[in-house]
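Engineer: Let me begin by handing over the structure; questions about it come next.
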Amino acid sequence: MSTQSVDIPDETKGSQTGVEETDEGTDPESSDGSGPLAGEIETAGGADGFSGDIDLDDLDLDTDAGDDSEADGASRGLFDDLLEGEPIFESKEVLRPSYTPHELPHREEQINKMATILVTALRGDTPSNILIYGKTGTGKTASAKFVSEELETTSQKYEVPCEVEYINCEVTDTQYRVLAQLANKFIDKNETYIEERTEELGSLRDRATDAADALEESEFDDVEAIETRIDELEDDLEAFDPVPMTGWPTDRVYSTFFDAVDYHERVVVIMLDEIDKLVEKSGDDTLYNLSRMNSELENSRVSIMGISNDLKFTDFLDPRVKSSLGEEEIVFPPYDATQLRDILQHRAETAFKPEILSEDVIPLCAAFAAQEHGDARRALDLLRTAGELAERDRTETVEEKHVRKAQEKIELDRVVEVVRTLPTQSKLVLYATILLEKNGVHNINTGEVFNIYKRLCQEIDADVLTQRRVTDLISELDMLGIVNAIVVSKGRYGRTKEINLSVPQEETEAVLLSDSRIGEVEDAQPFVQSRFDN
Ligand SMILES: Nc1ncnc2c1ncn2[C@@H]1O[C@H](COP(=O)(O)OP(=O)(O)OP(=O)(O)O)[C@@H](O)[C@H]1O
């Protein structure tokens with residue numbers, strides 16, 4: 001609260017601190033209540049009030065009434081202030097990653113290819129398995145989800161049973177979890193199927209009880225047969241046993257999943273997003289089991305759609321899995337700046353109020369994102385952040401400078417996240433580098449980093465790694481883009497690394513010190529300095 005007192009307009013302060021106002025203040029209605037931090041100001045007024053002819057009772061009353069209405073005014077003012085001015089966004093949601101666009105410009109070719117393969121499902125046959133590749137932000141998930149939704153809608157229209165199940169393998173990354181999640185999803189679907197079917201049969205039974213010819217078009221000979229079928233369905237419903245998140249042997253999870261899928265006739269498409277993460281974490285057993293299911297299923301058919309950022313992940317697969325999974329491959333190339341411009345243009349039309357974006361905003365966002373690696377997610381993030389910064393500046397339009405600031409902010413957020421999640425030893429190595437830079441050392445060599453690092457470890461009682469290991473950690477920091485380490489030859493003295501920080505020093509240091517362990521190094525300056533004095 002205290003910081004808000006800075007914003008109080010002078011005239012408001014005057015009217016509330018003045019002694020002559022105190023009497024009026026007894027009437028809560030008369031207080032304008034617009035000044036934040038009223039309590040503070042009111043106390044000052046009250047103190048003044050003792051010097052005049054004011055009844056103490058009045059004074060008490062005054063203080064209370066003033067406090068209430070002013071406190072109320074403070075919070076109202078806070079939001080009123082922020083709501084002031086024309087909003088920039090029509091719907092910010094449209095720019096968030098969770099939003100699924102209805103149109104995906106520049107992905108027609110890939111979408112058509114997927115549809116051509118999956119249409120088989122609508123004819124009741126098994127579609128080929130599909131592997132989708134492409135770098136991050138190239139629209140793989142968005143396109144696959146778009147096609148799946150269309151597939152499910154069309155299957156309902158033509159009453160061909162076809163279902164798509166989506167699993168993100170970055171989150172669900174073991175065979176147990178994948179199979180358990182699928183089993184439970186299919187059990188849920190089977191429950192709904194049984195409820196609908198029992199209802200249909202119940203109504204058929206009622207009609208058949210009234211008039212026997214109601215059964216003519218059905219598969220049942222008499223009412224009793226319907227009753228028996230309803231009982232069977234109800235028994236099945238009772239028998240479904242959802243898989244717990246841990247604890248069962250894998251073959252029991254697999255057979256529960258298998259039975260759930262095969263419960264009735266349908267084609268099932270299993271979409272495994274970030275499939276490379278699953279293989280990396282737990283090998284290719286899941287894929288092996290899923291890809292050989294069709295030969296054993298009696299009622300249903302399964303097709304797999306794998307999505308991966310990593311073009312090489314199939315190198316780690318068993319050759320049988322590899323050939324089965326990659327029956328069809330679709331590549332999503334990175335977007336170029338012109339394509340990104342189109343994508344942003346489409347989204348911006350619904351996301352922003354009309355005429356809010358100045359001319360160069362979209363081209364600049366597209367150019368920045370194209371420089372990265374043609375990532376639409378990055379382009380959309382930039383546009384949204386630029387809008388938010390403009391909103392914060394309370395300007396009426398989003399300008400080029402907002403995009404540039406957004407680019408810096410996103411980059412800094414990335415650095416903060418990477419640094420925050422480094423292991424302690426890497427943080428110590430990085431902190432040693434920062435301390436050296438702060439002391440004016442450039443082109444730092446590994447030995448210098450190692451010496452300061454050792455002192456830091458001693459300060460906080462951490463294990464000291466060997467210089468060789470520290471060199472490896474420096475290489476890792478280089479790969480993460482946090483430092484820049486180049487190998488230079490020192491002639492007959494051999495080779496060494498020259499290390500420079502590639503991220504903003506102050507912010508990075510602040511992130512490091514927010515780690516309680518690193519924060520223990522209270523004042524590292526003296527010993528760093530002493531190293532240079534020697
Ligand atoms: N052609 C496009 N038109 C409109 N929006 C797009 C297009 N391509 C991608 N996007 C948007 O970009 C963001 C990232 O797309 P998506 O999640 O599909 O990428 P991805 O290739 O699956 O990336 P990752 O591999 O990182 O998951 C999403 O918000 C998506 O809506």
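Just remember, in the structure tokens the first chain shown is A, the second B, etc., residues are 1-based per chain, and ligands are 1-based in the order shown.
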Give me, as a PyMOL selection string, the set of residues whose atoms come within 9 Å of any atom of ligand 1, counting only C-alpha atoms and all ligand atoms.
Structural biologist: chain A and resi 94-108+133-145+273-274+307-310+332+334-335+339-340+342-344+346-347+375-381
Engineer: Could those residues be written to a file, using C-alpha atoms, as a compact mmCIF listing (two decimals), in the first residue's frame?
Structural biologist:
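This went into selection30.txt:
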```txt
# COMPACT_ATOMS: atom_id res chain seq x y z
CA VAL A 94 -6.87 -15.81 -29.53
CA LEU A 95 -3.13 -15.21 -29.16
CA ARG A 96 -2.59 -17.78 -26.42
CA PRO A 97 -1.07 -21.22 -27.17
CA SER A 98 -4.19 -22.96 -25.82
CA TYR A 99 -6.36 -21.48 -28.57
CA THR A 100 -7.08 -23.79 -31.51
CA PRO A 101 -7.47 -21.71 -34.65
CA HIS A 102 -10.19 -22.58 -37.16
CA GLU A 103 -7.93 -21.71 -40.03
CA LEU A 104 -4.33 -22.75 -40.47
CA PRO A 105 -2.82 -20.83 -43.36
CA HIS A 106 0.13 -22.49 -45.14
CA ARG A 107 -0.68 -25.93 -43.79
CA GLU A 108 -3.23 -26.93 -46.44
CA TYR A 133 7.88 -34.31 -38.07
CA GLY A 134 8.80 -30.68 -37.79
CA LYS A 135 10.53 -28.14 -35.60
CA THR A 136 8.79 -26.53 -32.67
CA GLY A 137 5.99 -24.10 -33.51
CA THR A 138 5.44 -25.32 -37.07
CA GLY A 139 1.78 -26.13 -36.46
CA LYS A 140 2.00 -29.92 -36.06
CA THR A 141 -0.24 -30.19 -33.00
CA ALA A 142 -2.65 -27.51 -34.20
CA SER A 143 -3.04 -29.23 -37.61
CA ALA A 144 -3.37 -32.73 -36.15
CA LYS A 145 -6.00 -31.57 -33.67
CA ASP A 273 2.30 -35.87 -29.32
CA GLU A 274 6.01 -35.46 -28.47
CA ILE A 307 4.20 -36.25 -33.61
CA SER A 308 7.84 -35.37 -33.06
CA ASN A 309 10.23 -32.40 -33.08
CA ASP A 310 13.16 -34.70 -33.43
CA PHE A 332 6.12 -29.69 -41.44
CA PRO A 334 9.52 -24.06 -40.74
CA TYR A 335 7.51 -20.99 -41.74
CA GLN A 339 4.01 -17.06 -44.05
CA LEU A 340 4.35 -15.95 -40.43
CA ASP A 342 -0.13 -14.19 -42.90
CA ILE A 343 -0.62 -16.27 -39.78
CA LEU A 344 -0.27 -13.25 -37.52
CA HIS A 346 -5.29 -13.78 -39.46
CA ARG A 347 -5.05 -13.98 -35.69
CA ASP A 375 8.30 -20.68 -35.06
CA ALA A 376 4.64 -19.52 -35.13
CA ARG A 377 4.36 -19.88 -31.36
CA ARG A 378 7.19 -17.41 -30.89
CA ALA A 379 5.62 -15.01 -33.40
CA LEU A 380 2.28 -15.12 -31.58
CA ASP A 381 3.98 -14.67 -28.19
```
Engineer: Find the residues around A:Met271 up to 10 Å (only C-alpha atoms counted), leave out those fewer than 5 positions away in its own chain, and share them as an NGL selection string.
Structural biologist: :A and (129-131 or 141 or 144-145 or 148 or 164-169 or 303-307)
Engineer: Under the rule that only C-alpha atoms are counted, which of A:Ile230, A:Leu297, A:Leu278, A:Ala366 is the nearest residue to A:Phe257?
Structural biologist: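 Of A:Ile230, A:Leu297, A:Leu278, A:Ala366, the one nearest A:Phe257 is A:Leu297, counting only C-alpha atoms.
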Engineer: Just want the 9 Å neighbourhood of A:Gln425, counted on only C-alpha atoms, with same-chain residues fewer than 5 positions away dropped. Output as a list of chain:residue names.
Structural biologist: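 Selected residues are A:Leu430, A:Cys457, A:Ala462, A:Asp463, A:Val464, A:Leu465, A:Val470, A:Leu473.
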Engineer: Taking N, CA and C atoms for each residue, export the selection above as a PDB file, in the first residue's frame.
Structural biologist:
```pdb
ATOM      1  N   LEU A 430      28.660 -20.442 -13.072  1.00  0.00           N
ATOM      2  CA  LEU A 430      28.165 -19.227 -13.730  1.00  0.00           C
ATOM      3  C   LEU A 430      28.391 -18.012 -12.832  1.00  0.00           C
ATOM      4  N   CYS A 457      32.639 -22.528  -3.485  1.00  0.00           N
ATOM      5  CA  CYS A 457      32.257 -23.831  -2.907  1.00  0.00           C
ATOM      6  C   CYS A 457      32.651 -23.878  -1.437  1.00  0.00           C
ATOM      7  N   ALA A 462      30.093 -26.528  -0.333  1.00  0.00           N
ATOM      8  CA  ALA A 462      29.647 -27.446  -1.403  1.00  0.00           C
ATOM      9  C   ALA A 462      30.850 -28.277  -1.850  1.00  0.00           C
ATOM     10  N   ASP A 463      30.583 -29.449  -2.451  1.00  0.00           N
ATOM     11  CA  ASP A 463      31.670 -30.269  -2.979  1.00  0.00           C
ATOM     12  C   ASP A 463      32.386 -29.495  -4.081  1.00  0.00           C
ATOM     13  N   VAL A 464      33.696 -29.665  -4.167  1.00  0.00           N
ATOM     14  CA  VAL A 464      34.442 -28.991  -5.243  1.00  0.00           C
ATOM     15  C   VAL A 464      34.694 -30.007  -6.352  1.00  0.00           C
ATOM     16  N   LEU A 465      34.225 -29.699  -7.540  1.00  0.00           N
ATOM     17  CA  LEU A 465      34.455 -30.619  -8.670  1.00  0.00           C
ATOM     18  C   LEU A 465      35.848 -30.383  -9.248  1.00  0.00           C
ATOM     19  N   VAL A 470      34.531 -28.912 -14.331  1.00  0.00           N
ATOM     20  CA  VAL A 470      34.087 -27.521 -14.439  1.00  0.00           C
ATOM     21  C   VAL A 470      34.142 -27.087 -15.907  1.00  0.00           C
ATOM     22  N   LEU A 473      31.081 -28.266 -17.489  1.00  0.00           N
ATOM     23  CA  LEU A 473      29.910 -27.444 -17.125  1.00  0.00           C
ATOM     24  C   LEU A 473      29.913 -26.135 -17.922  1.00  0.00           C
TER      25      LEU A 473
END
```
Engineer: Can you check which residues of stretch 216-429 of chain A DSSP gives as alpha helix (DSSP H) on the backbone and send them as JSON, numbers by chain?
Structural biologist: {"A": [223, 224, 225, 226, 227, 228, 229, 230, 231, 232, 233, 234, 235, 236, 237, 238, 239, 250, 251, 252, 253, 254, 255, 256, 257, 258, 259, 260, 261, 275, 276, 277, 278, 279, 280, 281, 282, 285, 286, 287, 288, 289, 290, 291, 319, 320, 321, 322, 323, 324, 325, 337, 338, 339, 340, 341, 342, 343, 344, 345, 346, 347, 348, 349, 350, 351, 361, 362, 363, 364, 365, 366, 367, 368, 369, 370, 371, 372, 376, 377, 378, 379, 380, 381, 382, 383, 384, 385, 386, 387, 388, 389, 390, 391, 392, 393, 400, 401, 402, 403, 404, 405, 406, 407, 408, 409, 410, 411, 412, 413, 414, 415, 416, 417, 418, 419, 420, 424, 425, 426, 427, 428, 429]}
Engineer: Just to confirm, what's the straight-line distance from atom CA of A:Thr228 to atom CA of A:Ile187 in Å (one decimal)?
Structural biologist: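 Computing the Euclidean distance for atom CA of A:Thr228 and atom CA of A:Ile187 yields 22.0 Å.
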Engineer: How far is it from atom CA of A:Asn294 to atom CA of A:Val261, in Å with one decimal?
Structural biologist: 10.8 Å
Engineer: Could you pull the residues within 9 Å of A:Leu204, counting only C-alpha atoms, minus those fewer than 3 positions along the same chain, as a list in words?
Structural biologist: Glu199, Glu200, Leu201, Arg207, Ala208, Thr209, Ala214, Leu215, Ser218, Val223 and Ile226 of chain A
Engineer: How about saving the chosen residues, C-alpha atoms kept, as an mmCIF file, in the first residue's frame?
Structural biologist:
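Output saved as out-v2.cif:
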```cif
data_model
loop_
_atom_site.group_PDB
_atom_site.id
_atom_site.type_symbol
_atom_site.label_atom_id
_atom_site.label_comp_id
_atom_site.auth_asym_id
_atom_site.auth_seq_id
_atom_site.Cartn_x
_atom_site.Cartn_y
_atom_site.Cartn_z
ATOM 1 C CA GLU A 199 -31.590 -46.304 -22.972
ATOM 2 C CA GLU A 200 -32.239 -47.195 -26.634
ATOM 3 C CA LEU A 201 -32.960 -50.814 -25.727
ATOM 4 C CA ARG A 207 -42.499 -50.244 -27.658
ATOM 5 C CA ALA A 208 -42.259 -54.014 -28.171
ATOM 6 C CA THR A 209 -44.331 -54.648 -25.041
ATOM 7 C CA ALA A 214 -41.757 -52.906 -33.096
ATOM 8 C CA LEU A 215 -39.105 -55.654 -33.197
ATOM 9 C CA SER A 218 -34.297 -55.058 -34.836
ATOM 10 C CA VAL A 223 -38.808 -58.740 -25.376
ATOM 11 C CA ILE A 226 -33.832 -57.383 -25.114
#
```
Engineer: For the atom pair atom CA of A:Glu150 and atom CA of A:Thr192, what is the interatomic distance in Å to one decimal place?
Structural biologist: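 Separation between atom CA of A:Glu150 and atom CA of A:Thr192: 21.2 Å.
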Engineer: List the spatial neighbours of A:Leu436 as an mmCIF file with C-alpha atoms, in the first residue's frame - criterion: any atom at most 9 Å away, only C-alpha atoms, same-chain residues fewer than 4 positions off excluded.
Structural biologist:
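Wrote it out as around_8.cif, contents follow:
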```
data_model
loop_
_atom_site.group_PDB
_atom_site.id
_atom_site.type_symbol
_atom_site.label_atom_id
_atom_site.label_comp_id
_atom_site.auth_asym_id
_atom_site.auth_seq_id
_atom_site.Cartn_x
_atom_site.Cartn_y
_atom_site.Cartn_z
ATOM 1 C CA TYR A 431 28.326 -17.070 -10.616
ATOM 2 C CA ALA A 432 32.129 -17.288 -10.657
ATOM 3 C CA GLY A 440 36.385 -6.039 -15.221
ATOM 4 C CA VAL A 441 37.909 -9.288 -16.462
ATOM 5 C CA HIS A 442 37.128 -10.079 -20.101
ATOM 6 C CA ILE A 444 38.093 -15.103 -18.864
ATOM 7 C CA GLU A 448 40.267 -18.151 -13.474
ATOM 8 C CA VAL A 449 36.708 -19.429 -13.307
ATOM 9 C CA ILE A 452 36.763 -18.376 -7.962
ATOM 10 C CA VAL A 528 37.406 -11.945 -5.761
#
```
Engineer: Show which residues sit within 7 Å of stretch 394-404 of chain A, as a PDB file with C-alpha atoms, in the first residue's frame. Count only C-alpha atoms, and ignore same-chain residues fewer than 5 positions away.
Structural biologist:
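Done, and the output landed in out08.pdb:
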```pdb
ATOM      1  CA  ILE A 356      -4.600  -0.751 -33.141  1.00  0.00           C
ATOM      2  CA  LEU A 357      -1.507  -2.220 -34.770  1.00  0.00           C
ATOM      3  CA  SER A 358       0.807   0.195 -36.493  1.00  0.00           C
ATOM      4  CA  ASP A 360       5.335  -2.389 -39.022  1.00  0.00           C
ATOM      5  CA  VAL A 361       4.271  -4.451 -35.995  1.00  0.00           C
ATOM      6  CA  CYS A 365       7.155  -9.935 -35.206  1.00  0.00           C
ATOM      7  CA  LEU A 382       5.783 -11.622 -29.493  1.00  0.00           C
ATOM      8  CA  LEU A 383       2.593 -10.088 -30.818  1.00  0.00           C
ATOM      9  CA  ALA A 386       3.899  -6.337 -27.569  1.00  0.00           C
ATOM     10  CA  GLY A 387       0.160  -5.710 -27.109  1.00  0.00           C
ATOM     11  CA  LEU A 389       3.374  -3.739 -23.164  1.00  0.00           C
TER      12      LEU A 389
END
```
Engineer: Excluding A:Gly124 and any residue of its chain fewer than 3 positions from it, enumerate the residues within 12 Å of it, using only C-alpha atoms, and give them as a PyMOL selection string.
Structural biologist: chain A and resi 118-121+127+155+158-163+265-268+299-302
Engineer: Check the smallest atom-to-atom distance from each of A:Leu428, A:Val269, A:Leu179, A:Glu298 to A:Met245 using only C-alpha atoms, then report the winner.
Structural biologist: A:Leu179
Engineer: Of the candidates A:Glu408, A:Thr256, A:Ser128, A:Met479, which one gets nearest to A:Gly326 if we count only C-alpha atoms?
Structural biologist: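 Of all the options, A:Ser128 lies closest to A:Gly326.
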Engineer: Restricting the calculation to only C-alpha atoms: of A:Ile194, A:Asp413, A:Leu272, A:Ala367, which residue gets closest to A:Glu170?
Structural biologist: A:Leu272
Engineer: Which residue gives the smallest distance to A:Thr508 among A:Val171, A:Ile474, A:Ala370, A:Leu435, with only C-alpha atoms counted?
Structural biologist: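 Among A:Val171, A:Ile474, A:Ala370, A:Leu435, it is A:Leu435 that comes nearest to A:Thr508.
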Engineer: With only C-alpha atoms as the basis for distance, which of A:Asp173, A:Glu437, A:Glu355, A:Glu411 is at the shortest distance from A:Val279?
Structural biologist: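 Under the stated criterion, the closest residue is A:Asp173.
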Engineer: DSSP on the backbone: what in stretch 174-407 of chain A comes out strand (DSSP E), as JSON, numbers by chain?
Structural biologist: {"A": [266, 267, 268, 269, 270, 271, 272, 273, 300, 301, 302, 303, 304, 305, 306, 307, 308, 328, 329, 330, 331, 332]}
Engineer: Would you save the residues of that selection, restricted to C-alpha atoms, as an mmCIF file, in the first residue's frame?
Structural biologist:
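Saved to part_5.cif:
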```cif
data_model
loop_
_atom_site.group_PDB
_atom_site.id
_atom_site.type_symbol
_atom_site.label_atom_id
_atom_site.label_comp_id
_atom_site.auth_asym_id
_atom_site.auth_seq_id
_atom_site.Cartn_x
_atom_site.Cartn_y
_atom_site.Cartn_z
ATOM 1 C CA ARG A 266 -14.850 -48.782 -33.986
ATOM 2 C CA VAL A 267 -11.725 -47.294 -35.499
ATOM 3 C CA VAL A 268 -9.483 -45.614 -32.963
ATOM 4 C CA VAL A 269 -6.756 -43.090 -33.789
ATOM 5 C CA ILE A 270 -4.216 -42.641 -31.004
ATOM 6 C CA MET A 271 -2.374 -39.364 -31.291
ATOM 7 C CA LEU A 272 0.950 -39.416 -29.451
ATOM 8 C CA ASP A 273 2.303 -35.866 -29.323
ATOM 9 C CA SER A 300 -11.959 -52.531 -33.312
ATOM 10 C CA ARG A 301 -8.925 -51.218 -35.196
ATOM 11 C CA VAL A 302 -6.157 -48.939 -33.956
ATOM 12 C CA SER A 303 -4.085 -46.453 -35.900
ATOM 13 C CA ILE A 304 -1.232 -44.395 -34.463
ATOM 14 C CA MET A 305 -0.380 -40.822 -35.247
ATOM 15 C CA GLY A 306 3.002 -39.856 -33.778
ATOM 16 C CA ILE A 307 4.197 -36.252 -33.609
ATOM 17 C CA SER A 308 7.845 -35.367 -33.064
ATOM 18 C CA GLU A 328 3.231 -42.511 -43.828
ATOM 19 C CA GLU A 329 5.435 -39.553 -42.995
ATOM 20 C CA ILE A 330 4.455 -35.912 -43.143
ATOM 21 C CA VAL A 331 7.011 -33.140 -42.741
ATOM 22 C CA PHE A 332 6.120 -29.689 -41.437
#
```
